[in-house]
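Asks: For reference, this is target-v9.pdb, and it has PDB, C-alpha atoms.
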MODEL        1
ATOM      1  CA  MET T 127       1.802 -98.253  58.695
ATOM      2  CA  SER T 128       5.321 -98.980  57.471
ATOM      3  CA  THR T 129       6.205 -95.260  57.464
ATOM      4  CA  VAL T 130       5.462 -95.009  61.220
ATOM      5  CA  TRP T 131       7.973 -97.791  61.832
ATOM      6  CA  ASP T 132      10.457 -96.341  59.360
ATOM      7  CA  ARG T 133      10.425 -93.189  61.498
ATOM      8  CA  ARG T 134      10.621 -95.110  64.785
ATOM      9  CA  ALA T 135      13.579 -97.165  63.546
ATOM     10  CA  LYS T 136      15.994 -94.364  64.497
ATOM     11  CA  PHE T 137      15.064 -94.541  68.192
ATOM     12  CA  TYR T 138      14.134 -98.226  68.382
ATOM     13  CA  ASP T 139      17.443 -99.456  69.833
ATOM     14  CA  LEU T 140      17.461 -96.713  72.441
ATOM     15  CA  PHE T 141      14.048 -97.504  73.941
ATOM     16  CA  GLU T 142      13.600-101.187  73.125
ATOM     17  CA  GLY T 143      17.163-102.429  73.386
ATOM     18  CA  SER T 144      17.217-102.924  77.171
ATOM     19  CA  ASP T 145      18.349-106.400  78.170
ATOM     20  CA  LEU T 146      18.449-106.042  81.926
ATOM     21  CA  ARG T 147      15.163-107.839  82.523
ATOM     22  CA  ARG T 148      14.080-108.856  79.043
ATOM     23  CA  GLY T 149      17.338-110.381  77.790
ATOM     24  CA  PRO T 150      17.454-113.536  79.938
ATOM     25  CA  ALA T 151      13.696-114.136  79.483
ATOM     26  CA  LYS T 152      13.976-113.795  75.689
ATOM     27  CA  ALA T 153      17.002-116.101  75.540
ATOM     28  CA  THR T 154      15.103-118.759  77.526
ATOM     29  CA  LEU T 155      12.041-118.483  75.302
ATOM     30  CA  PHE T 156      13.914-118.417  71.997
ATOM     31  CA  ARG T 157      15.919-121.498  72.983
ATOM     32  CA  GLU T 158      12.748-123.464  72.209
ATOM     33  CA  MET T 159      12.656-122.495  68.548
ATOM     34  CA  MET T 160      13.005-125.563  66.356
ATOM     35  CA  GLY T 161      12.671-126.625  62.728
ATOM     36  CA  ARG T 162      11.783-123.884  60.273
ATOM     37  CA  VAL T 163      11.207-120.697  62.254
ATOM     38  CA  LEU T 164       9.221-117.561  61.440
ATOM     39  CA  PHE T 165      10.187-114.537  63.544
ATOM     40  CA  LEU T 166       7.664-111.732  63.413
ATOM     41  CA  ALA T 167       8.651-108.047  63.430
ATOM     42  CA  VAL T 168      12.403-108.375  63.836
ATOM     43  CA  GLY T 169      12.755-104.568  63.990
ATOM     44  CA  THR T 170      16.356-103.421  64.125
ATOM     45  CA  GLY T 171      17.385-106.907  65.187
ATOM     46  CA  VAL T 172      17.759-106.266  68.928
ATOM     47  CA  ASP T 173      16.559-109.834  69.573
ATOM     48  CA  ILE T 174      18.993-111.555  67.217
ATOM     49  CA  LYS T 175      21.694-111.857  69.870
ATOM     50  CA  HIS T 176      19.287-114.055  71.865
ATOM     51  CA  PHE T 177      18.661-116.491  69.001
ATOM     52  CA  PRO T 178      20.197-119.920  69.582
ATOM     53  CA  PRO T 179      22.810-120.740  66.931
ATOM     54  CA  ALA T 180      22.360-123.065  63.960
ATOM     55  CA  ARG T 181      18.657-122.426  63.402
ATOM     56  CA  GLN T 182      16.834-121.825  60.128
ATOM     57  CA  ILE T 183      14.954-118.557  60.612
ATOM     58  CA  VAL T 184      12.877-116.303  58.375
ATOM     59  CA  ALA T 185      12.477-112.902  60.048
ATOM     60  CA  ILE T 186       9.930-110.433  58.741
ATOM     61  CA  ASP T 187       9.196-106.773  59.332
ATOM     62  CA  ILE T 188       6.834-104.316  57.715
ATOM     63  CA  SER T 189       9.475-101.564  57.712
ATOM     64  CA  GLU T 190      12.220-101.443  55.113
ATOM     65  CA  GLU T 191      14.224 -99.059  57.325
ATOM     66  CA  MET T 192      14.073-101.466  60.293
ATOM     67  CA  LEU T 193      15.365-104.298  58.113
ATOM     68  CA  ARG T 194      18.125-102.092  56.751
ATOM     69  CA  ARG T 195      19.287-101.271  60.281
ATOM     70  CA  ALA T 196      19.072-104.951  61.275
ATOM     71  CA  GLN T 197      21.471-106.109  58.523
ATOM     72  CA  PRO T 198      24.713-105.988  60.594
ATOM     73  CA  ARG T 199      23.046-108.087  63.304
ATOM     74  CA  ARG T 200      21.771-110.540  60.693
ATOM     75  CA  GLU T 201      25.303-110.980  59.382
ATOM     76  CA  SER T 202      26.575-111.753  62.889
ATOM     77  CA  TYR T 203      24.091-114.606  63.414
ATOM     78  CA  ARG T 204      25.662-118.087  63.346
ATOM     79  CA  GLY T 205      22.907-119.853  61.436
ATOM     80  CA  VAL T 206      20.515-119.255  58.543
ATOM     81  CA  LEU T 207      18.667-115.982  58.974
ATOM     82  CA  ASN T 208      16.775-114.451  56.053
ATOM     83  CA  PHE T 209      14.849-111.194  56.057
ATOM     84  CA  VAL T 210      11.573-110.639  54.230
ATOM     85  CA  GLN T 211       9.663-107.353  54.187
ATOM     86  CA  ALA T 212       6.092-108.437  54.917
ATOM     87  CA  ASP T 213       2.888-107.493  56.718
ATOM     88  CA  ALA T 214       1.760-109.796  59.543
ATOM     89  CA  LEU T 215      -1.831-109.434  58.344
ATOM     90  CA  SER T 216      -1.133-111.054  54.975
ATOM     91  CA  LEU T 217       1.908-113.288  55.081
ATOM     92  CA  CYS T 218       3.484-114.372  51.824
ATOM     93  CA  PHE T 219       4.080-117.968  52.994
ATOM     94  CA  ARG T 220       2.321-121.254  52.267
ATOM     95  CA  ASP T 221      -0.031-122.884  54.788
ATOM     96  CA  ALA T 222       1.704-124.951  57.500
ATOM     97  CA  SER T 223       5.176-123.979  56.335
ATOM     98  CA  PHE T 224       6.767-123.261  59.755
ATOM     99  CA  ASP T 225       7.470-125.405  62.822
ATOM    100  CA  THR T 226       7.843-122.446  65.181
ATOM    101  CA  VAL T 227       6.443-118.943  65.004
ATOM    102  CA  ILE T 228       7.803-116.269  67.348
ATOM    103  CA  THR T 229       6.505-112.821  68.166
ATOM    104  CA  SER T 230       8.429-110.309  70.256
ATOM    105  CA  CYS T 231       6.575-107.134  71.296
ATOM    106  CA  THR T 232       4.569-107.357  68.078
ATOM    107  CA  MET T 233       0.945-107.889  69.048
ATOM    108  CA  CYS T 234       0.798-104.416  70.630
ATOM    109  CA  SER T 235       1.445-102.852  67.240
ATOM    110  CA  VAL T 236      -0.410-104.935  64.658
ATOM    111  CA  PRO T 237      -3.653-103.120  63.735
ATOM    112  CA  GLU T 238      -5.831-106.273  63.899
ATOM    113  CA  PRO T 239      -4.164-108.649  66.376
ATOM    114  CA  VAL T 240      -6.678-111.514  66.125
ATOM    115  CA  ARG T 241      -6.476-111.463  62.329
ATOM    116  CA  ALA T 242      -2.670-111.466  62.529
ATOM    117  CA  LEU T 243      -2.710-114.382  64.968
ATOM    118  CA  ARG T 244      -5.046-116.310  62.640
ATOM    119  CA  GLU T 245      -2.554-115.661  59.857
ATOM    120  CA  LEU T 246       0.238-117.003  62.072
ATOM    121  CA  ARG T 247      -1.877-120.075  62.751
ATOM    122  CA  ARG T 248      -2.301-120.575  59.024
ATOM    123  CA  VAL T 249       1.445-120.684  58.345
ATOM    124  CA  LEU T 250       2.172-122.778  61.448
ATOM    125  CA  ARG T 251       2.141-126.549  61.169
ATOM    126  CA  PRO T 252      -0.673-128.314  63.052
ATOM    127  CA  ASP T 253       1.842-129.596  65.619
ATOM    128  CA  GLY T 254       3.768-126.308  65.581
ATOM    129  CA  LEU T 255       4.670-124.043  68.459
ATOM    130  CA  LEU T 256       3.879-120.362  68.939
ATOM    131  CA  LEU T 257       6.263-118.485  71.254
ATOM    132  CA  MET T 258       5.325-114.974  72.298
ATOM    133  CA  PHE T 259       7.236-112.350  74.256
ATOM    134  CA  GLU T 260       4.610-109.655  74.603
ATOM    135  CA  HIS T 261       3.383-106.875  76.824
ATOM    136  CA  VAL T 262      -0.315-106.885  77.673
ATOM    137  CA  ARG T 263      -2.901-105.061  79.808
ATOM    138  CA  SER T 264      -2.512-105.863  83.487
ATOM    139  CA  ARG T 265      -5.331-107.652  85.269
ATOM    140  CA  ASN T 266      -4.818-105.302  88.217
ATOM    141  CA  PRO T 267      -7.353-102.424  87.913
ATOM    142  CA  LEU T 268      -4.853 -99.679  88.845
ATOM    143  CA  LEU T 269      -2.095-100.947  86.575
ATOM    144  CA  GLY T 270      -4.691-101.539  83.856
ATOM    145  CA  LEU T 271      -5.803 -97.907  84.180
ATOM    146  CA  VAL T 272      -2.187 -96.717  83.923
ATOM    147  CA  LEU T 273      -1.746 -98.731  80.729
ATOM    148  CA  ASP T 274      -5.039 -97.375  79.344
ATOM    149  CA  LEU T 275      -3.809 -93.810  79.960
ATOM    150  CA  MET T 276      -0.430 -94.573  78.406
ATOM    151  CA  THR T 277      -2.206 -95.987  75.349
ATOM    152  CA  VAL T 278      -3.834 -92.591  74.729
ATOM    153  CA  LEU T 279      -0.318 -91.290  73.980
ATOM    154  CA  THR T 280       1.365 -94.365  72.507
ATOM    155  CA  ARG T 281      -1.462 -95.169  70.053
ATOM    156  CA  ARG T 282      -0.267 -92.210  67.936
ATOM    157  CA  THR T 283       3.059 -93.963  67.425
ATOM    158  CA  GLY T 284       1.490 -97.302  66.543
ATOM    159  CA  THR T 285       1.632 -99.079  69.913
ATOM    160  CA  GLU T 286      -1.251-100.085  72.192
ATOM    161  CA  MET T 287      -0.257-100.892  75.775
ATOM    162  CA  ASN T 288      -3.557-102.392  76.876
ATOM    163  CA  ARG T 289      -4.197-105.391  74.663
ATOM    164  CA  ASP T 290      -5.354-108.796  75.875
ATOM    165  CA  THR T 291      -2.902-110.809  73.792
ATOM    166  CA  VAL T 292      -3.522-114.045  75.714
ATOM    167  CA  GLY T 293      -7.247-113.714  75.000
ATOM    168  CA  ASN T 294      -6.570-112.773  71.387
ATOM    169  CA  ALA T 295      -4.410-115.880  70.889
ATOM    170  CA  VAL T 296      -7.165-118.080  72.276
ATOM    171  CA  GLU T 297      -9.721-116.326  70.048
ATOM    172  CA  ALA T 298      -7.476-116.941  67.041
ATOM    173  CA  GLY T 299      -7.495-120.675  67.789
ATOM    174  CA  PHE T 300      -4.321-121.226  69.817
ATOM    175  CA  ARG T 301      -4.172-123.203  73.045
ATOM    176  CA  ILE T 302      -2.025-121.423  75.634
ATOM    177  CA  THR T 303       0.230-123.947  77.329
ATOM    178  CA  GLN T 304       2.424-121.741  79.471
ATOM    179  CA  VAL T 305       2.624-118.139  80.627
ATOM    180  CA  GLU T 306       5.511-116.746  82.643
ATOM    181  CA  SER T 307       5.827-113.326  84.195
ATOM    182  CA  VAL T 308       8.766-111.246  83.029
ATOM    183  CA  PHE T 309       7.542-107.956  84.525
ATOM    184  CA  LEU T 310       4.456-108.173  86.755
ATOM    185  CA  ASP T 311       1.541-109.426  84.634
ATOM    186  CA  ILE T 312       2.421-106.884  81.919
ATOM    187  CA  ILE T 313       5.409-108.381  80.090
ATOM    188  CA  LEU T 314       4.809-112.065  79.542
ATOM    189  CA  SER T 315       6.629-114.963  78.024
ATOM    190  CA  MET T 316       4.053-117.310  76.494
ATOM    191  CA  ARG T 317       3.938-120.644  74.724
ATOM    192  CA  ALA T 318       0.945-121.788  72.702
ATOM    193  CA  ALA T 319       0.048-124.805  70.607
ATOM    194  CA  ASN T 320      -1.994-124.858  67.469
ATOM    195  CA  ARG T 321      -5.412-125.931  68.700
ATOM    196  CA  SER T 322      -5.916-128.230  65.703
ATOM    197  CA  LEU T 323      -3.400-130.540  67.396
ATOM    198  CA  THR T 324      -5.764-130.899  70.347
ATOM    199  CA  ALA T 325      -8.682-131.482  67.997
ATOM    200  CA  ALA T 326      -6.728-134.133  66.130
ATOM    201  CA  ALA T 327      -5.799-135.911  69.361
ATOM    202  CA  MET T 328      -9.416-136.092  70.537
TER     203      MET T 328
ATOM    204  CA  MET P 600      -6.812 -73.055  97.530
ATOM    205  CA  LEU P 601      -6.842 -76.783  96.931
ATOM    206  CA  GLY P 602     -10.204 -77.088  98.641
ATOM    207  CA  LEU P 603     -11.820 -74.614  96.255
ATOM    208  CA  HIS P 604     -10.491 -76.051  93.048
ATOM    209  CA  LEU P 605      -9.932 -79.641  94.065
ATOM    210  CA  ALA P 606     -10.765 -81.323  90.768
ATOM    211  CA  LEU P 607      -8.766 -78.840  88.724
ATOM    212  CA  THR P 608      -5.792 -78.983  91.106
ATOM    213  CA  LEU P 609      -5.879 -82.765  91.071
ATOM    214  CA  ALA P 610      -6.027 -82.906  87.265
ATOM    215  CA  VAL P 611      -3.221 -80.369  86.820
ATOM    216  CA  GLY P 612      -1.116 -82.030  89.544
ATOM    217  CA  MET P 613      -1.520 -85.434  87.933
ATOM    218  CA  ILE P 614      -0.736 -84.156  84.439
ATOM    219  CA  VAL P 615       2.392 -82.290  85.628
ATOM    220  CA  ALA P 616       3.568 -85.242  87.745
ATOM    221  CA  MET P 617       2.911 -87.734  84.944
ATOM    222  CA  THR P 618       4.734 -85.555  82.400
ATOM    223  CA  ILE P 619       7.790 -85.224  84.660
ATOM    224  CA  GLN P 620       7.737 -88.945  85.448
ATOM    225  CA  MET P 621       7.400 -89.806  81.763
ATOM    226  CA  VAL P 622      10.473 -87.734  80.885
ATOM    227  CA  LEU P 623      12.430 -89.318  83.758
ATOM    228  CA  SER P 624      11.322 -92.821  82.818
ATOM    229  CA  LEU P 625      12.227 -92.246  79.158
ATOM    230  CA  ALA P 626      15.687 -91.241  80.356
ATOM    231  CA  THR P 627      16.063 -94.537  82.225
ATOM    232  CA  ALA P 628      14.368 -96.643  79.523
ATOM    233  CA  PRO P 629      17.594 -97.575  77.686
ATOM    234  CA  VAL P 630      18.787 -99.330  80.844
ATOM    235  CA  LEU P 631      15.606-100.523  82.540
ATOM    236  CA  GLY P 632      13.268-100.909  79.551
ATOM    237  CA  SER P 633      10.506 -98.522  78.483
ATOM    238  CA  ILE P 634       7.547-100.309  80.094
ATOM    239  CA  GLU P 635       9.469-101.394  83.178
ATOM    240  CA  SER P 636      10.416 -97.792  83.975
ATOM    241  CA  MET P 637       7.228 -96.068  82.855
ATOM    242  CA  VAL P 638       4.556 -98.138  84.605
ATOM    243  CA  PRO P 639       5.852 -97.706  88.192
ATOM    244  CA  SER P 640       6.512 -94.010  87.524
ATOM    245  CA  MET P 641       2.967 -93.463  86.319
ATOM    246  CA  ILE P 642       1.516 -95.098  89.419
ATOM    247  CA  ALA P 643       3.469 -92.773  91.705
ATOM    248  CA  ALA P 644       2.520 -89.801  89.509
ATOM    249  CA  MET P 645      -1.168 -90.687  89.680
ATOM    250  CA  ILE P 646      -1.460 -91.558  93.348
ATOM    251  CA  ILE P 647       0.653 -88.903  95.071
ATOM    252  CA  PRO P 648      -1.299 -85.876  93.739
ATOM    253  CA  MET P 649      -4.475 -87.716  94.790
ATOM    254  CA  ILE P 650      -3.128 -88.082  98.350
ATOM    255  CA  VAL P 651      -2.141 -84.378  98.495
ATOM    256  CA  CYS P 652      -5.687 -83.429  97.462
ATOM    257  CA  LEU P 653      -7.191 -85.932  99.889
ATOM    258  CA  PHE P 654      -5.171 -84.418 102.757
ATOM    259  CA  ASP P 655      -6.378 -80.972 101.734
ATOM    260  CA  LEU P 656      -9.949 -82.234 101.706
ATOM    261  CA  VAL P 657      -9.638 -83.265 105.360
ATOM    262  CA  GLY P 658      -8.014 -79.942 106.258
ATOM    263  CA  ILE P 659      -4.288 -80.753 106.072
ATOM    264  CA  THR P 660      -2.622 -78.386 103.605
ATOM    265  CA  MET P 661       0.805 -79.638 102.596
ATOM    266  CA  ARG P 662       3.757 -77.356 101.868
ATOM    267  CA  GLY P 663       6.622 -78.059  99.444
ATOM    268  CA  SER P 664       8.792 -80.091 101.855
ATOM    269  CA  GLY P 665       5.772 -82.112 103.000
ATOM    270  CA  VAL P 666       4.840 -82.929  99.396
ATOM    271  CA  GLY P 667       8.483 -83.888  98.729
ATOM    272  CA  ALA P 668       8.502 -86.227 101.735
ATOM    273  CA  LEU P 669       5.189 -87.688 100.623
ATOM    274  CA  GLY P 670       6.699 -88.248  97.164
ATOM    275  CA  ILE P 671       9.611 -90.192  98.663
ATOM    276  CA  VAL P 672       7.353 -92.268 100.934
ATOM    277  CA  GLY P 673       4.834 -92.801  98.118
ATOM    278  CA  GLY P 674       7.568 -93.854  95.699
ATOM    279  CA  ALA P 675       8.975 -96.343  98.214
ATOM    280  CA  ALA P 676       5.493 -97.670  98.992
ATOM    281  CA  SER P 677       4.769 -98.099  95.235
ATOM    282  CA  PHE P 678       8.047 -99.993  94.847
ATOM    283  CA  ILE P 679       7.198-102.386  97.713
ATOM    284  CA  MET P 680       3.640-102.908  96.456
ATOM    285  CA  LEU P 681       4.890-103.701  92.943
ATOM    286  CA  LYS P 682       7.447-106.154  94.356
ATOM    287  CA  LEU P 683       4.633-107.928  96.236
ATOM    288  CA  TYR P 684       2.412-107.864  93.159
ATOM    289  CA  ALA P 685       5.237-109.273  91.020
ATOM    290  CA  HIS P 686       5.558-112.181  93.464
ATOM    291  CA  LYS P 687       1.789-112.748  93.326
ATOM    292  CA  CYS P 688       1.838-112.699  89.494
ATOM    293  CA  ARG P 689       4.597-115.307  89.315
ATOM    294  CA  LYS P 690       2.683-117.553  91.717
ATOM    295  CA  CYS P 691      -0.605-117.059  89.820
ATOM    296  CA  PHE P 692       0.904-117.977  86.444
ATOM    297  CA  CYS P 693       2.613-121.023  87.978
ATOM    298  CA  CYS P 694      -0.775-122.182  89.316
ATOM    299  CA  GLU P 695      -2.627-121.460  86.067
ATOM    300  CA  PHE P 696      -0.021-123.095  83.831
ATOM    301  CA  PRO P 697       1.665-125.714  86.000
ATOM    302  CA  GLN P 698       3.194-127.923  83.345
ATOM    303  CA  LYS P 699       5.592-126.961  80.608
ATOM    304  CA  GLU P 700       4.769-128.766  77.380
ATOM    305  CA  GLU P 701       7.651-130.221  75.429
TER     306      GLU P 701
ENDMDL
END
Produce structure tokens that represent the structure in this file.

Replies:
Amino acid sequence: MSTVWDRRAKFYDLFEGSDLRRGPAKATLFREMMGRVLFLAVGTGVDIKHFPPARQIVAIDISEEMLRRAQPRRESYRGVLNFVQADALSLCFRDASFDTVITSCTMCSVPEPVRALRELRRVLRPDGLLLMFEHVRSRNPLLGLVLDLMTVLTRRTGTEMNRDTVGNAVEAGFRITQVESVFLDIILSMRAANRSLTAAAM
Amino acid sequence: MLGLHLALTLAVGMIVAMTIQMVLSLATAPVLGSIESMVPSMIAAMIIPMIVCLFDLVGITMRGSGVGALGIVGGAASFIMLKLYAHKCRKCFCCEFPQKEE
């Protein structure tokens, strides 16, 4: 898995670095990060410029090459930002060790998204916040079909365009509190709470 | 010709159109974003060959300039439809998730 992303690292900035539509939406979402933050799949660090300053962030990625390319951006961040090479499916962190967990275009690429989200829930505090900037399958049949067809090609490079990430988060035990459209109903900005908080309140 | 090999013509037309659109959308991806440029392109590439074949089915055979004009009209129509759908999506999510939790 990591080798696919090592290869994609060369072209990552070119195809995923667009800020025209995504930039403002990411900046708004990331502004909500608080306490100890886990950032999933930092890639080449294209999102770092949207991080609010003076935060304490641990950013992980499965690819060593991605992390290597992200180093200059890490050094430019005005806060604490540490990189760890890790797999989202088996995180090397203690239970309930983060206040905020953030994913950015990650759940399309993790082989078992529900398992990964359960792992995120494990490391997130019971009153913690999950922020997701993700692309998902459209609920519109025509757009959904387009994304299904695109997935036939993109699956080879490790990305699935037609995942139900909102549904997966709910299945993993999160309670979705807000969803905003960034591009149609395909690129979404989402906030979710650890469901155990709801259970504890009841 | 289209009438005789409708399914094949449609499939080939869609594949060619989608390939061209994919290359064009990859070229614009650094500015617009990969998904944002590819999804609308794919819709136009899927629907316009279908319309050409549909016209042929009812006896209207389109020539190059006609197909070009249809491409322009179809592209503009796709753009307007996506704008309307984007508005609907924003409204739907606002209704489904009305309150922002602090």

Asks: Just need the residues of chain P within 8 Å of chain T, counting all atoms listed in the file, so spit them out as a ChimeraX atom specification.

Replies: /P:625,628-633,635,638,641-642,681,684-686,688-689,692-693,696-700

Asks: Generate a file of the selected residues that holds C-alpha atoms, formatted as a short mmCIF file (atom, residue, chain, number, x, y, z; two decimals), in the coordinates of the input.

Replies:
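Once everything was written out, this is again.cif:
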data_model
loop_
_atom_site.label_atom_id
_atom_site.label_comp_id
_atom_site.auth_asym_id
_atom_site.auth_seq_id
_atom_site.Cartn_x
_atom_site.Cartn_y
_atom_site.Cartn_z
CA LEU P 625 12.23 -92.25 79.16
CA ALA P 628 14.37 -96.64 79.52
CA PRO P 629 17.59 -97.58 77.69
CA VAL P 630 18.79 -99.33 80.84
CA LEU P 631 15.61 -100.52 82.54
CA GLY P 632 13.27 -100.91 79.55
CA SER P 633 10.51 -98.52 78.48
CA GLU P 635 9.47 -101.39 83.18
CA VAL P 638 4.56 -98.14 84.60
CA MET P 641 2.97 -93.46 86.32
CA ILE P 642 1.52 -95.10 89.42
CA LEU P 681 4.89 -103.70 92.94
CA TYR P 684 2.41 -107.86 93.16
CA ALA P 685 5.24 -109.27 91.02
CA HIS P 686 5.56 -112.18 93.46
CA CYS P 688 1.84 -112.70 89.49
CA ARG P 689 4.60 -115.31 89.32
CA PHE P 692 0.90 -117.98 86.44
CA CYS P 693 2.61 -121.02 87.98
CA PHE P 696 -0.02 -123.10 83.83
CA PRO P 697 1.66 -125.71 86.00
CA GLN P 698 3.19 -127.92 83.34
CA LYS P 699 5.59 -126.96 80.61
CA GLU P 700 4.77 -128.77 77.38
#

Asks: Applying 9 Å and only C-alpha atoms, which residues near range 656-669 of chain P remain after dropping the ones on its own chain fewer than 4 positions away? List them as a list of chain:residue names.

Replies: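 Residues near the query, excluding close chain neighbours: P:Leu601, P:Gly602, P:Leu605, P:Ile647, P:Pro648, P:Ile650, P:Val651, P:Cys652, P:Gly673, P:Gly674.
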
Asks: Quick one: apply the PyMOL selection byres ((chain T and resi 156) around 12) to the file and drop the selected residues here as a ChimeraX atom specification.

Replies: /T:148-155,157-160,163-165,173-179,181,183,226-230,255-259,315-317

Asks: So how many Å separate CA of Thr129 in chain T and CA of Val249 in chain T, to one decimal?

Replies: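 Computed distance, CA of Thr129 in chain T to CA of Val249 in chain T, equals 25.9 Å.
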
Asks: Here is a test: counting only C-alpha atoms, which residue of T:Ser264, T:Gln182, T:Thr277, T:Ser223 is nearest to Asp290 in chain T?

Replies: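 Of T:Ser264, T:Gln182, T:Thr277, T:Ser223, the one nearest Asp290 in chain T is T:Ser264, counting only C-alpha atoms.
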
Asks: Run the PyMOL selection byres ((chain P and resi 610) around 12) mentally over the shown coordinates, then write out the matched residues as a list of chain:residue names, using the chain letters and numbers from the document.

Replies: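 When the PyMOL selection byres ((chain P and resi 610) around 12) is applied to the shown file, the picked residues are P:Leu601, P:His604, P:Leu605, P:Ala606, P:Leu607, P:Thr608, P:Leu609, P:Val611, P:Gly612, P:Met613, P:Ile614, P:Val615, P:Ala616, P:Met617, P:Ala644, P:Met645, P:Ile646, P:Ile647, P:Pro648, P:Met649, P:Val651, P:Cys652.
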
Asks: Mind pulling up the distance from CA of Asp225 in chain T to CA of Arg251 in chain T?

Replies: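 Distance between the two atoms: 5.7 Å.
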
Asks: To test your reading of the syntax: which residues would the PyMOL selection byres ((chain T and resi 297) around 12) return for the file shown? Reply as a PyMOL selection string.

Replies: chain T and resi 239-244+247+290-296+298-302+320-321

Asks: By how many Å are CA of Glu238 in chain T and CA of Arg199 in chain T apart?

Replies: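 Interatomic distance, CA of Glu238 in chain T to CA of Arg199 in chain T: 28.9 Å.
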
Asks: As a compact mmCIF listing (two decimals), in the coordinates of the input, could you write out range 137-156 of chain T once it has been completed with N, CA and C atoms?

Replies:
# COMPACT_ATOMS: atom_id res chain seq x y z
N PHE T 137 15.02 -94.54 66.72
CA PHE T 137 15.06 -94.54 68.19
C PHE T 137 14.79 -95.92 68.79
N TYR T 138 14.58 -96.90 67.92
CA TYR T 138 14.13 -98.23 68.38
C TYR T 138 15.14 -98.86 69.35
N ASP T 139 16.41 -98.84 68.98
CA ASP T 139 17.44 -99.46 69.83
C ASP T 139 17.52 -98.79 71.20
N LEU T 140 17.33 -97.48 71.20
CA LEU T 140 17.46 -96.71 72.44
C LEU T 140 16.39 -97.13 73.45
N PHE T 141 15.13 -97.24 73.00
CA PHE T 141 14.05 -97.50 73.94
C PHE T 141 13.68 -98.98 74.07
N GLU T 142 14.00 -99.78 73.08
CA GLU T 142 13.60 -101.19 73.12
C GLU T 142 14.78 -102.14 73.24
N GLY T 143 15.97 -101.58 73.37
CA GLY T 143 17.16 -102.43 73.39
C GLY T 143 17.59 -102.90 74.77
N SER T 144 16.82 -102.54 75.82
CA SER T 144 17.22 -102.92 77.17
C SER T 144 17.19 -104.44 77.37
N ASP T 145 18.26 -104.96 77.95
CA ASP T 145 18.35 -106.40 78.17
C ASP T 145 18.36 -106.79 79.63
N LEU T 146 18.30 -105.79 80.50
CA LEU T 146 18.45 -106.04 81.93
C LEU T 146 17.45 -107.09 82.42
N ARG T 147 16.19 -106.90 82.11
CA ARG T 147 15.16 -107.84 82.52
C ARG T 147 14.73 -108.73 81.36
N ARG T 148 14.64 -108.12 80.18
CA ARG T 148 14.08 -108.86 79.04
C ARG T 148 15.05 -109.87 78.44
N GLY T 149 16.34 -109.54 78.45
CA GLY T 149 17.34 -110.38 77.79
C GLY T 149 17.30 -111.84 78.21
N PRO T 150 17.46 -112.13 79.51
CA PRO T 150 17.45 -113.54 79.94
C PRO T 150 16.13 -114.25 79.61
N ALA T 151 15.01 -113.53 79.76
CA ALA T 151 13.70 -114.14 79.48
C ALA T 151 13.55 -114.46 77.99
N LYS T 152 14.03 -113.55 77.14
CA LYS T 152 13.98 -113.80 75.69
C LYS T 152 14.87 -114.98 75.31
N ALA T 153 16.07 -115.00 75.87
CA ALA T 153 17.00 -116.10 75.54
C ALA T 153 16.39 -117.45 75.91
N THR T 154 15.74 -117.51 77.08
CA THR T 154 15.10 -118.76 77.53
C THR T 154 13.98 -119.17 76.58
N LEU T 155 13.18 -118.19 76.19
CA LEU T 155 12.04 -118.48 75.30
C LEU T 155 12.52 -118.91 73.91
N PHE T 156 13.47 -118.16 73.37
CA PHE T 156 13.91 -118.42 72.00
C PHE T 156 14.67 -119.74 71.87
